[in-house]
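K.L.:
The structure's right below; bear with me while I get my questions together.
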Amino acid sequence: MILLFSIILSTLLLLLYFLRQKYAYWKNQEVPFPKTTLLFGNIGEVLFLRTTLSEFFDRLYRTYEDYSYVGFYNFLTPAVVIRDPQIISEVLIQNFESFHDVFIRTPDDIAKINPFFVEGDRWKEMRKEIAPHLSSLKIREMRPHIETGCRLMIKYIENLNGDNVDAEDITCRFTGNNVMACAYGLEGRCFEEEYPLILKIRDDMTIHNPTIAAINSTIGILLPNIANLLNMS
C-alpha cells in the first residue's frame, strides 16, 4: 500500500513539474502572457464554450495594448498574438517561408481548399489562382453590388418594425447576396425571399445545431489531431 501511494505521489509530482516547465516558456522568453490553468493553458473558457475564440483573442489583444506581442498557451503549446503591424508584415511577407504552415487541420474536402487551411506549395498555387480575382479593378467592380446589398439590408431591417433582429440571419443574408452578385453575377434575392436558394445550399453543407457546430469548430481549431481522428468537419 505504501509502495503504491509512493508511486502515485511520485507520478503526480513529476506531472506537476512537467507542467510547470511547459508553462514557464513565455516567462523564460520574457514575453507577457495571461495567467494559465493547468492542462488547459489559457483556452479553458473557449473549450467549455464560456466564450468564443474571437472574444478570447479580442480580450488578449486589448489587455496587452502596450506590447508588440503577447504569448498564451493552447493547452501545453505556446502560441503568440502579434499586435505590431511591422512584425505582422515581417511574418506575412518578408519571412513568410518560415511561417506559412497552419495549425488548423480539417478532414472536410471543401474546407481543405480554403486558402486559410492550405500551406506550402499548394498555398502558392491557390494564391496564383485567387489573386487575379482580387485585383484593384475587380474590387472596384464589386463595389456597386455590395452597395446595393447594403441598401437592401438596411431596408430589410427597417421593415422589421422594431422586432428583434437576428444578427446571424441578417449577416448570412448579406453575405449570400454579395456572393451571388459578385461571384456569379446573379440576383441573390436574399432579402426578398424568406428562404433564398444560397442559404438552402449553405444549410445542406453545414451543421444545423449551433451548439454542435461550435463544439466542432472549437475542437477543430484547438485540437486538430483529435478532429482529424474523429473525422470532424
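Lettering and numbering for the C-alpha cells are positional, with chains as A, B, ... in the shown order, residues counted from 1 in each chain, and ligands counted from 1 in the shown order.
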Taking 5 positions as the minimum chain separation for residues in the same chain, which residues sit within 8 Å of A:Thr36 when counting only C-alpha atoms? Answer as a ChimeraX atom specification.

P.N.:
/A:23,41-42,73

K.L.:
Convert the current residue selection to file output with C-alpha atoms, as a PDB file, in the first residue's frame.

P.N.:
```
ATOM      1  CA  TYR A  23       4.163  26.850 -18.679  1.00  0.00           C
ATOM      2  CA  GLY A  41      -3.409  26.710 -20.554  1.00  0.00           C
ATOM      3  CA  ASN A  42      -5.387  29.825 -21.487  1.00  0.00           C
ATOM      4  CA  TYR A  73      -0.908  28.609 -24.168  1.00  0.00           C
TER       5      TYR A  73
END
```

K.L.:
May I have the residues within 8 Å of stretch 57-72 of chain A as a list in words, using only C-alpha atoms and disregarding those fewer than 4 positions away in the same chain?

P.N.:
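My list of contacting residues is Trp26, Val31, Pro32, Phe33, Pro34, Gly41, Asn42, Leu53, Pro78, Ala79, Val80, Val81, Ile82, Arg83 and Asp84 of chain A.
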
K.L.:
Which residues, written as number ranges by chain, have at least one atom at most 12 Å from stretch 149-155 of chain A, with only C-alpha atoms counted and residues fewer than 3 positions away on the same chain left out?

P.N.:
A: 142-146, 158-161, 165, 167, 169-182, 187-193

K.L.:
Stretch 2-232 of chain A: which residues are strand (DSSP E) by DSSP, as a list in words?

P.N.:
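So the strand (DSSP E) residues in stretch 2-232 of chain A would be Tyr69, Val70, Gly71, Phe72, Tyr73, Asn74, Thr77, Pro78, Ala79, Val80, Val81 and Ile82 of chain A.
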
K.L.:
Write out the residues from the selection above, keeping C-alpha atoms, as a CSV table (one decimal), in the first residue's frame.

P.N.:
```csv
chain,number,residue,atom,x,y,z
A,69,TYR,CA,3.1,40.8,-29.0
A,70,VAL,CA,1.6,38.6,-26.2
A,71,GLY,CA,2.0,34.9,-25.5
A,72,PHE,CA,-0.6,32.4,-24.5
A,73,TYR,CA,-0.9,28.6,-24.2
A,74,ASN,CA,-3.1,26.4,-26.3
A,77,THR,CA,1.6,24.5,-26.6
A,78,PRO,CA,3.0,28.1,-26.5
A,79,ALA,CA,1.4,30.4,-29.1
A,80,VAL,CA,1.6,34.1,-29.7
A,81,VAL,CA,-0.7,37.0,-30.8
A,82,ILE,CA,1.2,39.7,-32.7
```

K.L.:
Atom CA of A:Leu134 and atom CA of A:Ile113 are how many Å apart?

P.N.:
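Going from atom CA of A:Leu134 over to atom CA of A:Ile113, I get 17.2 Å.
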
K.L.:
Please report the interatomic distance between atom CA of A:Thr52 and atom CA of A:Leu92 in Å with one decimal.

P.N.:
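Taking atom CA of A:Thr52 and atom CA of A:Leu92, their separation equals 25.1 Å.
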